[in-house]
Amino acid sequence: MCVSHEHNQGEAAQAGAGRRGFLRATALLGAAATAGLALPTAAEAAPASAAWRPDPDSSRFTLAVMPDTQYLFDGPSIDRAPFEASLRYLLEHGEEENIVFLSHLGDLTENGAQSEVTAISEAFGLLDRRGVGYSVLAGNHDVKSSTDDQRGSTPYLDAFGPQRFQGKPTFGDASPDGYNTFHLFKAAGREWMVLALDWRLSAKGYAWAREVIARHPKTPVILTTHELVVEDDSLSVYGQQLWDQLIEDHDQIFLTLNGHYWPAGRATRKNAAGHEVHLHLTNYQNRYFGGAAMIRLYHFDLDRNVIDVETVSPWILGRAAQGLNELERQEIELSGDADRFSVDIDFADRFAGFAPVPPRPARPASKMLLPGTVAYWRFDGHDDGAAVTGTVRDLSGRGNDLTLVTVGGSTLTWSSDHHPDQPGHGSLEFHGGKPPLKGAYLRTVDGAPLNSTTFRAGYTIEAFYRVPADWDPSRNAWSGLVSRTGTGGAAGKTEDDPDEPLATLSLSDGPGPQWAVRPLNQQGIATNWGDETAREVWWHVAVVNDGSHTTMYVQGCPVARNPHASSVGITSVGLPWLLGGYEYGGSIDQILHGRLGDVRIVERALPVTSFMNH
């Protein structure tokens, strides 16, 4: 699947513009909030039908996290404005940032008193009215700190027990005591769990959490609790207990979030399966205005395999238009290493132990023979490392078979390695380089129809390739993946270098794919340049000509350097095509060093959706 850089940059710019728009739109709101006035925003006033609907299939989504808000809900000094500003931010940016869920990390209130709990409970109504998925959990200030989740009734439980979440699409269930909950949301095409655990788990609480995870064996879990990490690279005594009794042996838990301590910090530990678990402490109650209900946004991007984290204060953002005081200017957005950072996670690899992605099965050759296919070669069904011998058949049925050519007594070998989206599960392994030449390559047999085809109506040439870690441009650059022999000079086309072949899909010194061809309608060489492609990675490249123009694609994405000049067909002098070989001046000059997967040539332009990697 192609995800272009332009698209990513556009989304990033949109997000930045959105925040600036929010700043302008909510400046007046902030002023009204601090004056104690009503706060009717577009988000709050939206009709009930405007339900919360995150995109469940987008590879990019956001988890919002809010730590300790206790100083805003403290007896006679209750101030809901900062908290409500953060909730409104989520409502106003929910679609733009694909915010899927909010996790509060406990210590909602300072004393757990009825008036405090009622105030924050009413504020959460902003989310309830829109059906927003969220979780809360009890911190040591919300309940009697000497108790665990078997403590019984409290004002906190009366307001935030399981009855509050019944009917919400994201609500899974609660423990019998009501203090532990789990929540499920859909994002990036799969199910995710937030496991929200009490300030102190009892034995029954641990048993319940284990049972919940066991009931969802393929679901990645984000564990939220009030106390776990105490500072960078350190867990508290209770945090260590939580690690030992729950986190370490449950590979599905890949991320934990907690508050309680400050300043913000991070730890990374390996669990019993040998996989990293990221443990994050986020708490800002020690900062200006008790943290001003600051939120942390976890932007998941499964295309880039990263979580980008940022920390902002929507309440202070909303006050900017009236002028910020000295402390507010420092808090509007936190940019320290503990507050704005990225976490690299190869999600497919990290989750493979409990939810492996099944490999794409091989597809029959017959499925690849689209109308106009003139050659299709694939290299599966052979033992790894065995030498290639005899003839490699053209599966198109057009008779464009390949024969082996060896140089210096070397061999060409089979490999089962292949691009994950390749139809055939096999490849050729070439062991070549520049002179002194040694290696082997393939050529079409004499008299093959392909040798004289000029593709005047258009063409599509596709190949899968991978170069090894020791690929060296000084020895391996400009080797050919697929090329047509015969020189420009032999065809009477002497503009540019007359010794260059008539067509070659080669690897430049990047390495990156390059298509250089002498079209029928011009004397010179027309060239399409691809970007650098990484070593030790499989790539798909396609060159598509619609009868007048040529476009190169890598992984289904058009490259930047596709010329606009007219290009019709491919000049021929009736000589063979090569796989893995490159001729200069009519003689072999270079042999590929790397692996070559399925190769297909079609005598018409194919859409991206018909490429072999789709």
# chains A, B, ... in the order shown; residues from 1 in each chain; ligands from 1
>>> residues_around(residues="range 152-154 of chain A", least_positions_apart="4", cutoff="12 Å", atoms="only C-alpha atoms", output="ChimeraX atom specification")
/A:111-114,117,138,141-144,147-148,158-161,176-179
>>> residues_around(residues="range 250-252 of chain A", least_positions_apart="5", cutoff="7 Å", atoms="only C-alpha atoms", output="ChimeraX atom specification")
/A:219-221,271,273,354
>>> write_last_selection(atoms="C-alpha atoms", output="CSV table (one decimal), in the first residue's frame")
chain,number,residue,atom,x,y,z
A,219,THR,CA,-5.9,-7.8,21.7
A,220,PRO,CA,-3.0,-5.4,22.5
A,221,VAL,CA,-3.5,-3.9,26.0
A,271,ASN,CA,8.8,-8.8,29.7
A,273,ALA,CA,8.5,-13.0,26.3
A,354,PHE,CA,-0.1,-13.2,20.5
>>> closest_residue(among="A:Ala386, A:Leu108, A:Ala469, A:Val537", to="Trp199 in chain A", atoms="only C-alpha atoms")
A:Leu108
>>> select_by_dssp(residues="range 188-320 of chain A", states="strand (DSSP E or B)", output="ChimeraX atom specification")
/A:190-196,221-225,229-231,234-235,253-258,265-270,276-281,295-301,306-312
>>> residues_around(residues="range 363-372 of chain A", least_positions_apart="6", cutoff="10 Å", atoms="only C-alpha atoms", output="PyMOL selection string")
chain A and resi 378+395-397+421-425+459-460+600-606+610-612
>>> residues_around(residues="Thr389 in chain A", least_positions_apart="5", cutoff="12 Å", atoms="only C-alpha atoms", output="list in words")
His382, Leu402, Thr403, Leu404, Val405, Thr406, Thr411, Leu412, Thr413, Trp414, Leu428, Ala440, Tyr441 and Leu442 of chain A
>>> atom_distance(atom1="CA of Ser410 in chain A", atom2="CA of Gln590 in chain A")
13.9 Å
>>> atom_distance(atom1="CA of Gly172 in chain A", atom2="CA of Thr311 in chain A")
28.0 Å
>>> residues_around(residues="range 93-102 of chain A", least_positions_apart="4", cutoff="10 Å", atoms="only C-alpha atoms", output="VMD selection string")
chain A and resid 11 to 12 14 to 15 18 to 19 22 43 52 to 56 58 to 66 87 to 89 127 132 to 136 170 183 to 187 194 295 to 300
>>> closest_residue(among="A:Ala375, A:Asp68, A:Lys218, A:Asp383", to="Thr282 in chain A", atoms="only C-alpha atoms")
A:Asp68
>>> closest_residue(among="A:Lys493, A:His226, A:Arg393, A:His431", to="Arg475 in chain A", atoms="only C-alpha atoms")
A:His431
>>> closest_residue(among="A:Leu592, A:Val599, A:Leu228, A:Val541", to="Phe430 in chain A", atoms="only C-alpha atoms")
A:Leu592
>>> residues_around(residues="range 554-571 of chain A", least_positions_apart="6", cutoff="7 Å", atoms="only C-alpha atoms", output="compact mmCIF listing (two decimals) with N, CA and C atoms, in the first residue's frame")
# COMPACT_ATOMS: atom_id res chain seq x y z
N MET A 1 0.85 -1.20 0.00
CA MET A 1 0.00 0.00 0.00
C MET A 1 0.88 1.23 0.00
N CYS A 2 0.58 2.18 -0.84
CA CYS A 2 1.36 3.40 -0.94
C CYS A 2 0.84 4.45 0.02
N SER A 4 2.01 8.26 0.62
CA SER A 4 2.97 9.23 0.09
C SER A 4 3.43 10.19 1.16
N THR A 454 8.04 -4.23 -29.81
CA THR A 454 8.39 -2.82 -29.63
C THR A 454 7.39 -2.05 -28.74
N PHE A 455 6.30 -2.65 -28.35
CA PHE A 455 5.39 -2.08 -27.36
C PHE A 455 4.89 -0.68 -27.75
N ARG A 456 4.55 -0.52 -28.99
CA ARG A 456 4.12 0.79 -29.47
C ARG A 456 2.87 1.30 -28.75
N ALA A 457 2.00 0.40 -28.31
CA ALA A 457 0.75 0.79 -27.64
C ALA A 457 0.91 0.95 -26.12
N GLY A 458 2.10 0.68 -25.60
CA GLY A 458 2.33 0.82 -24.17
C GLY A 458 2.84 -0.46 -23.54
N LEU A 502 19.44 -0.70 -25.21
CA LEU A 502 18.21 -0.07 -25.68
C LEU A 502 17.19 0.15 -24.56
N VAL A 517 15.62 4.14 -21.40
CA VAL A 517 15.11 3.49 -22.60
C VAL A 517 15.28 4.40 -23.81
N ARG A 518 15.46 3.79 -24.97
CA ARG A 518 15.42 4.55 -26.23
C ARG A 518 14.03 4.30 -26.86
N PRO A 519 13.14 5.27 -26.75
CA PRO A 519 11.80 5.10 -27.33
C PRO A 519 11.87 5.12 -28.86
N LEU A 520 10.78 4.67 -29.45
CA LEU A 520 10.71 4.66 -30.92
C LEU A 520 10.70 6.06 -31.49
N ASN A 521 10.17 7.03 -30.73
CA ASN A 521 9.93 8.37 -31.28
C ASN A 521 11.03 9.37 -30.97
N ASN A 528 13.72 7.54 -16.27
CA ASN A 528 12.92 7.72 -15.06
C ASN A 528 13.79 7.32 -13.88
N TRP A 529 13.85 8.21 -12.86
CA TRP A 529 14.71 7.97 -11.71
C TRP A 529 13.87 7.72 -10.46
N GLY A 530 14.19 6.64 -9.77
CA GLY A 530 13.55 6.37 -8.48
C GLY A 530 14.41 6.86 -7.33
N ASP A 531 13.82 6.93 -6.14
CA ASP A 531 14.56 7.33 -4.96
C ASP A 531 15.39 6.16 -4.42
N TRP A 539 11.47 -4.76 -2.34
CA TRP A 539 10.81 -3.65 -3.01
C TRP A 539 10.11 -4.15 -4.27
N HIS A 540 9.02 -3.47 -4.61
CA HIS A 540 8.35 -3.71 -5.88
C HIS A 540 8.51 -2.47 -6.75
N VAL A 541 8.91 -2.65 -8.00
CA VAL A 541 9.07 -1.54 -8.92
C VAL A 541 8.26 -1.84 -10.18
N ALA A 542 7.63 -0.82 -10.70
CA ALA A 542 6.87 -0.97 -11.95
C ALA A 542 7.14 0.22 -12.85
N GLY A 547 1.56 4.49 -23.84
CA GLY A 547 1.60 4.73 -25.28
C GLY A 547 2.20 6.07 -25.64
N SER A 548 2.32 6.95 -24.61
CA SER A 548 2.90 8.26 -24.89
C SER A 548 3.79 8.78 -23.76
N VAL A 608 -2.37 0.89 -11.00
CA VAL A 608 -1.67 0.45 -9.78
C VAL A 608 -2.40 -0.73 -9.15
>>> residues_around(residues="Gly597 in chain A", least_positions_apart="2", cutoff="6 Å", atoms="only C-alpha atoms", output="ChimeraX atom specification")
/A:427,464-465
>>> closest_residue(among="A:Asn476, A:Thr527, A:Thr118, A:Gln514", to="Gly432 in chain A", atoms="only C-alpha atoms")
A:Asn476
>>> select_by_dssp(residues="range 291-474 of chain A", states="alpha helix (DSSP H)", output="ChimeraX atom specification")
/A:314-319,326-331,347-350,473-474
>>> write_last_selection(atoms="all heavy atoms", output="compact mmCIF listing (two decimals), in the first residue's frame")
# COMPACT_ATOMS: atom_id res chain seq x y z
N PRO A 314 -5.01 22.91 26.70
CA PRO A 314 -6.06 23.60 25.94
C PRO A 314 -6.61 24.84 26.67
O PRO A 314 -6.97 25.82 26.02
CB PRO A 314 -7.14 22.53 25.79
CG PRO A 314 -6.37 21.24 25.80
CD PRO A 314 -5.29 21.47 26.83
N TRP A 315 -6.67 24.80 27.99
CA TRP A 315 -7.19 25.95 28.73
C TRP A 315 -6.31 27.18 28.52
O TRP A 315 -6.79 28.28 28.26
CB TRP A 315 -7.29 25.61 30.22
CG TRP A 315 -7.82 26.72 31.06
CD1 TRP A 315 -9.08 27.24 31.03
CD2 TRP A 315 -7.11 27.43 32.09
NE1 TRP A 315 -9.21 28.24 31.98
CE2 TRP A 315 -8.00 28.37 32.64
CE3 TRP A 315 -5.81 27.35 32.59
CZ2 TRP A 315 -7.63 29.23 33.67
CZ3 TRP A 315 -5.45 28.19 33.61
CH2 TRP A 315 -6.35 29.12 34.14
N ILE A 316 -5.00 26.98 28.59
CA ILE A 316 -4.09 28.11 28.38
C ILE A 316 -4.08 28.52 26.91
O ILE A 316 -4.02 29.71 26.59
CB ILE A 316 -2.68 27.76 28.89
CG1 ILE A 316 -2.72 27.50 30.40
CG2 ILE A 316 -1.70 28.87 28.58
CD1 ILE A 316 -1.41 27.05 31.01
N LEU A 317 -4.18 27.55 26.01
CA LEU A 317 -4.32 27.89 24.59
C LEU A 317 -5.52 28.81 24.39
O LEU A 317 -5.45 29.79 23.64
CB LEU A 317 -4.52 26.62 23.76
CG LEU A 317 -3.28 25.80 23.40
CD1 LEU A 317 -3.71 24.47 22.79
CD2 LEU A 317 -2.39 26.55 22.44
N GLY A 318 -6.60 28.51 25.07
CA GLY A 318 -7.80 29.29 24.92
C GLY A 318 -7.72 30.69 25.51
O GLY A 318 -8.53 31.56 25.19
N ARG A 319 -6.77 30.92 26.38
CA ARG A 319 -6.60 32.22 27.02
C ARG A 319 -5.60 33.11 26.29
O ARG A 319 -5.41 34.27 26.66
CB ARG A 319 -6.14 32.03 28.47
CG ARG A 319 -7.19 31.40 29.37
CD ARG A 319 -6.60 30.95 30.71
NE ARG A 319 -5.84 32.00 31.37
CZ ARG A 319 -6.37 32.99 32.09
NH1 ARG A 319 -7.69 33.08 32.18
NH2 ARG A 319 -5.61 33.89 32.67
N GLU A 326 3.14 35.33 32.88
CA GLU A 326 4.48 34.75 32.75
C GLU A 326 4.46 33.24 32.89
O GLU A 326 5.14 32.52 32.13
CB GLU A 326 5.41 35.36 33.80
CG GLU A 326 6.83 34.81 33.75
CD GLU A 326 7.72 35.41 34.82
OE1 GLU A 326 7.28 36.37 35.49
OE2 GLU A 326 8.85 34.92 34.99
N LEU A 327 3.72 32.70 33.83
CA LEU A 327 3.70 31.26 34.04
C LEU A 327 2.91 30.54 32.96
O LEU A 327 3.27 29.44 32.55
CB LEU A 327 3.12 30.94 35.42
CG LEU A 327 3.95 31.44 36.61
CD1 LEU A 327 3.28 31.06 37.92
CD2 LEU A 327 5.37 30.87 36.55
N GLU A 328 1.85 31.15 32.47
CA GLU A 328 1.06 30.53 31.41
C GLU A 328 1.88 30.36 30.14
O GLU A 328 1.75 29.36 29.44
CB GLU A 328 -0.19 31.38 31.12
CG GLU A 328 -1.27 31.24 32.19
CD GLU A 328 -2.42 32.20 31.95
OE1 GLU A 328 -2.18 33.31 31.41
OE2 GLU A 328 -3.56 31.83 32.29
N ARG A 329 2.71 31.33 29.86
CA ARG A 329 3.52 31.24 28.64
C ARG A 329 4.44 30.02 28.67
O ARG A 329 4.79 29.47 27.64
CB ARG A 329 4.35 32.52 28.45
CG ARG A 329 3.52 33.71 27.98
CD ARG A 329 4.41 34.84 27.48
NE ARG A 329 5.21 35.42 28.56
CZ ARG A 329 4.81 36.43 29.33
NH1 ARG A 329 3.60 36.94 29.17
NH2 ARG A 329 5.59 36.92 30.27
N GLN A 330 4.83 29.60 29.86
CA GLN A 330 5.70 28.44 29.98
C GLN A 330 4.93 27.12 29.87
O GLN A 330 5.52 26.07 29.63
CB GLN A 330 6.43 28.47 31.33
CG GLN A 330 7.33 29.68 31.51
CD GLN A 330 7.88 29.77 32.93
OE1 GLN A 330 7.89 28.78 33.67
NE2 GLN A 330 8.34 30.95 33.32
N GLU A 331 3.62 27.18 30.05
CA GLU A 331 2.83 25.96 30.16
C GLU A 331 1.96 25.66 28.96
O GLU A 331 1.33 24.61 28.89
CB GLU A 331 1.91 26.06 31.39
CG GLU A 331 2.64 26.31 32.70
CD GLU A 331 3.60 25.18 33.05
OE1 GLU A 331 3.14 24.03 33.14
OE2 GLU A 331 4.80 25.44 33.21
N PHE A 347 4.78 -2.49 15.22
CA PHE A 347 3.58 -3.05 15.82
C PHE A 347 3.35 -4.50 15.41
O PHE A 347 2.99 -5.33 16.24
CB PHE A 347 2.37 -2.18 15.48
CG PHE A 347 2.38 -0.84 16.14
CD1 PHE A 347 2.84 0.28 15.46
CD2 PHE A 347 1.96 -0.69 17.45
CE1 PHE A 347 2.86 1.52 16.08
CE2 PHE A 347 1.98 0.54 18.08
CZ PHE A 347 2.43 1.65 17.39
N ALA A 348 3.52 -4.81 14.13
CA ALA A 348 3.29 -6.18 13.67
C ALA A 348 4.25 -7.13 14.38
O ALA A 348 3.85 -8.22 14.83
CB ALA A 348 3.46 -6.27 12.16
N ASP A 349 5.51 -6.73 14.50
CA ASP A 349 6.49 -7.59 15.16
C ASP A 349 6.22 -7.68 16.66
O ASP A 349 6.30 -8.76 17.25
CB ASP A 349 7.90 -7.04 14.90
CG ASP A 349 8.97 -7.92 15.51
OD1 ASP A 349 9.13 -9.06 15.04
OD2 ASP A 349 9.66 -7.46 16.45
N ARG A 350 5.88 -6.54 17.28
CA ARG A 350 5.64 -6.53 18.72
C ARG A 350 4.43 -7.39 19.10
O ARG A 350 4.41 -8.03 20.15
CB ARG A 350 5.43 -5.09 19.20
CG ARG A 350 5.06 -4.95 20.67
CD ARG A 350 6.13 -5.50 21.59
NE ARG A 350 5.76 -5.38 22.99
CZ ARG A 350 4.98 -6.25 23.64
NH1 ARG A 350 4.48 -7.31 23.00
NH2 ARG A 350 4.69 -6.07 24.91
N PRO A 473 28.15 0.30 -3.81
CA PRO A 473 28.02 1.02 -5.09
C PRO A 473 29.28 0.96 -5.94
O PRO A 473 29.19 1.01 -7.18
CB PRO A 473 27.68 2.45 -4.67
CG PRO A 473 28.02 2.56 -3.23
CD PRO A 473 27.87 1.18 -2.65
N SER A 474 30.43 0.86 -5.33
CA SER A 474 31.66 0.82 -6.12
C SER A 474 31.75 -0.46 -6.95
O SER A 474 32.44 -0.51 -7.97
CB SER A 474 32.88 0.93 -5.21
OG SER A 474 33.00 -0.21 -4.37
>>> closest_residue(among="A:Gly486, A:Pro420, A:Gly581, A:Pro356", to="Gly439 in chain A", atoms="only C-alpha atoms")
A:Gly581
>>> decode(residues="range 219-283 of chain A", atoms="C-alpha atoms", output="compact mmCIF listing (two decimals), in the first residue's frame")
# COMPACT_ATOMS: atom_id res chain seq x y z
CA THR A 219 -5.92 -7.81 21.74
CA PRO A 220 -3.02 -5.43 22.52
CA VAL A 221 -3.46 -3.88 25.97
CA ILE A 222 -2.71 -0.38 27.28
CA LEU A 223 -2.68 -0.61 31.07
CA THR A 224 -3.61 2.53 33.01
CA THR A 225 -3.26 2.93 36.75
CA HIS A 226 -2.42 5.64 39.23
CA GLU A 227 0.98 4.46 40.50
CA LEU A 228 3.66 2.49 38.68
CA VAL A 229 6.68 4.48 37.39
CA VAL A 230 8.17 6.76 40.05
CA GLU A 231 10.88 8.41 37.92
CA ASP A 232 12.94 7.70 34.83
CA ASP A 233 13.87 3.99 34.69
CA SER A 234 12.42 3.28 38.14
CA LEU A 235 9.24 1.69 39.43
CA SER A 236 7.71 2.30 42.84
CA VAL A 237 7.39 -0.58 45.31
CA TYR A 238 3.78 -1.07 44.28
CA GLY A 239 4.72 -0.58 40.62
CA GLN A 240 7.22 -3.41 40.93
CA GLN A 241 4.49 -5.59 42.41
CA LEU A 242 2.24 -4.76 39.48
CA TRP A 243 5.04 -5.64 37.09
CA ASP A 244 5.80 -8.93 38.85
CA GLN A 245 2.22 -10.09 39.27
CA LEU A 246 0.63 -8.92 36.03
CA ILE A 247 2.60 -7.01 33.41
CA GLU A 248 5.71 -9.15 33.02
CA ASP A 249 3.87 -12.37 32.13
CA HIS A 250 1.26 -10.82 29.85
CA ASP A 251 2.84 -10.03 26.50
CA GLN A 252 -0.28 -8.21 25.32
CA ILE A 253 0.53 -5.30 27.65
CA PHE A 254 2.84 -3.14 25.55
CA LEU A 255 2.23 0.31 27.10
CA THR A 256 1.43 1.46 30.64
CA LEU A 257 0.39 4.94 31.74
CA ASN A 258 0.35 6.30 35.29
CA GLY A 259 0.31 9.54 37.24
CA HIS A 260 0.77 10.17 41.01
CA TYR A 261 4.46 11.15 40.96
CA TRP A 262 6.18 14.03 39.24
CA PRO A 263 7.98 15.13 37.15
CA ALA A 264 7.09 13.11 34.05
CA GLY A 265 9.34 10.15 33.32
CA ARG A 266 9.69 6.94 31.34
CA ALA A 267 10.95 3.41 31.75
CA THR A 268 11.36 0.51 29.34
CA ARG A 269 11.52 -3.09 30.48
CA LYS A 270 11.54 -6.44 28.75
CA ASN A 271 8.78 -8.85 29.67
CA ALA A 272 8.96 -12.61 30.02
CA ALA A 273 8.54 -12.98 26.25
CA GLY A 274 11.59 -10.78 25.68
CA HIS A 275 9.56 -7.88 24.29
CA GLU A 276 9.78 -4.25 25.32
CA VAL A 277 7.07 -2.71 27.47
CA HIS A 278 6.95 1.09 27.53
CA LEU A 279 6.02 2.48 30.96
CA HIS A 280 5.17 6.19 31.12
CA LEU A 281 4.65 8.53 34.05
CA THR A 282 2.72 11.70 33.23
CA ASN A 283 1.65 14.17 35.91
